[in-house]
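See structure below.
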Amino acid sequence: MQEKQTNLMVMGVAIVAAVLGALLLFVPQISAEKICYLMCGAVVIGGIYSIVHYFLSNAFREAQNYGFSAGVFLVVLGILGFIKTAAIVDFFPVAISVIGLLYAVILLQDALDLKRLGSGKWSIVLCVSVVVILVAMADLINPFSAEVQKLISYWMILVTGVLLLLSKLMLKMAYKEYDRMKDHPVVETEKVAEYREVSEVKELPEDIEHRE
């Protein structure tokens, strides 16, 4: 239950990040202050949802379920964001780059999970996550002008939000396929059957006589 809730929250955060990146890039008339208010509002709503879910789902019965603590932290963080919006705006591109870096690290683990589940798409997710991590590090070191830094951070939050959502959907499908194979194992795949036929053809006559 806790894992399902965490995945839903990550997917929700990914959608918010993608929308945020799109607004910052394609709707320039929206000020950074308004974006901060929207983000803080989303954080508070996420915290309230986590708290309500904790009580409605009897999560206290699960060991080490910190849904209530996480919810309280998010609500407090959102309220502080409302109070200190002006301070947040001052380092807004840096905060966006840090969020993009966090999402890229999550993508990195998703790639490893996809590999362990046998998905062929793990290498794509891995390459993208490494590229985003390197870009985020370069953006945080800040070798660019302020305008370029803003543009990079906005594109990064959009791309990582979309990719994080896609990777979670791919993981969901990979888990379903893994469970299906576990519940209904294939007795003999085509490759195994082909290998067995070749082995039988190559079997020497004396080996057959000895076995008989």
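How things are named: the first chain in the structure tokens is A, the next is B, and so on; residues count from 1 in each chain; ligands count from 1 in the order shown.
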Practice task
Using only C-alpha atoms, determine which residues lie at most 12 Å from Ile45 in chain A, disregarding the query and same-chain residues fewer than 2 positions distant; provide the list as a ChimeraX atom specification.
Solution key: /A:9,12-13,38-43,47-52,71-79
Min atom-atom distance to Ser119 in chain A from the set A:Met173, A:Ala17, A:Ile30, A:Leu25, counting only C-alpha atoms, belongs to A:Met173
Next item on the list: Find the distance between CA of Asp110 in chain A and CA of Ser167 in chain A and write it in Å to one decimal.
Entry: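 Answer for the CA of Asp110 in chain A to CA of Ser167 in chain A separation: 6.7 Å.
Shell of Lys115 in chain A at 12 Å, with only C-alpha atoms counted and residues fewer than 3 places along the chain excluded, is Leu108, Gln109, Asp110, Ala111, Leu112, Gly118, Ser119, Gly120, Lys121, Trp122, Ser123, Ile124, Val125, Leu126, Met170, Leu171, Ala174, Tyr175 and Tyr178 of chain A.
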- Residue contacts of Gln149 in chain A (8 Å, only C-alpha atoms) excluding same-chain residues fewer than 5 positions away, as a PyMOL selection string: chain A and resi 93+139+142+144
Prev. selection, all heavy atoms, output as a short mmCIF file (atom, residue, chain, number, x, y, z; two decimals), in the first residue's frame:
```
data_model
loop_
_atom_site.label_atom_id
_atom_site.label_comp_id
_atom_site.auth_asym_id
_atom_site.auth_seq_id
_atom_site.Cartn_x
_atom_site.Cartn_y
_atom_site.Cartn_z
N PRO A 93 15.84 29.78 -10.23
CA PRO A 93 16.48 28.86 -11.19
C PRO A 93 17.34 27.79 -10.52
O PRO A 93 17.37 26.64 -10.98
CB PRO A 93 17.33 29.79 -12.06
CG PRO A 93 16.69 31.12 -11.92
CD PRO A 93 16.18 31.17 -10.51
N ASP A 139 24.66 23.34 -14.66
CA ASP A 139 23.80 24.50 -14.42
C ASP A 139 23.96 25.03 -12.99
O ASP A 139 23.93 26.24 -12.75
CB ASP A 139 22.34 24.12 -14.67
CG ASP A 139 21.45 25.32 -14.81
OD1 ASP A 139 21.88 26.31 -15.43
OD2 ASP A 139 20.33 25.29 -14.27
N ASN A 142 27.04 26.88 -12.58
CA ASN A 142 26.71 28.20 -13.14
C ASN A 142 27.84 28.81 -13.97
O ASN A 142 28.33 29.90 -13.67
CB ASN A 142 26.30 29.17 -12.03
CG ASN A 142 25.61 30.40 -12.59
OD1 ASN A 142 25.19 30.42 -13.74
ND2 ASN A 142 25.49 31.43 -11.77
N PHE A 144 27.18 29.69 -16.95
CA PHE A 144 26.42 30.40 -17.98
C PHE A 144 25.95 31.76 -17.45
O PHE A 144 26.06 32.06 -16.27
CB PHE A 144 25.19 29.57 -18.39
CG PHE A 144 25.48 28.11 -18.62
CD1 PHE A 144 25.06 27.15 -17.70
CD2 PHE A 144 26.19 27.70 -19.74
CE1 PHE A 144 25.33 25.81 -17.90
CE2 PHE A 144 26.46 26.36 -19.95
CZ PHE A 144 26.03 25.41 -19.02
#
```
For this session: Find the spatial neighbours of Val98 in chain A, counting only C-alpha atoms, within a cut-off of 8 Å - ignore same-chain residues fewer than 3 positions away - and output them as number ranges by chain.
Result: A: 94-95, 101-102, 136, 140
Q) What separation in Å, quoted to one decimal, exists between CA of Val10 in chain A and CA of Val44 in chain A? A)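 Distance between the two atoms: 15.1 Å.
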Every residue of range 7-188 of chain A that DSSP places in alpha helix (DSSP H), as a PyMOL selection string: chain A and resi 7-26+32-56+67-83+85-90+92-116+122-141+146-183
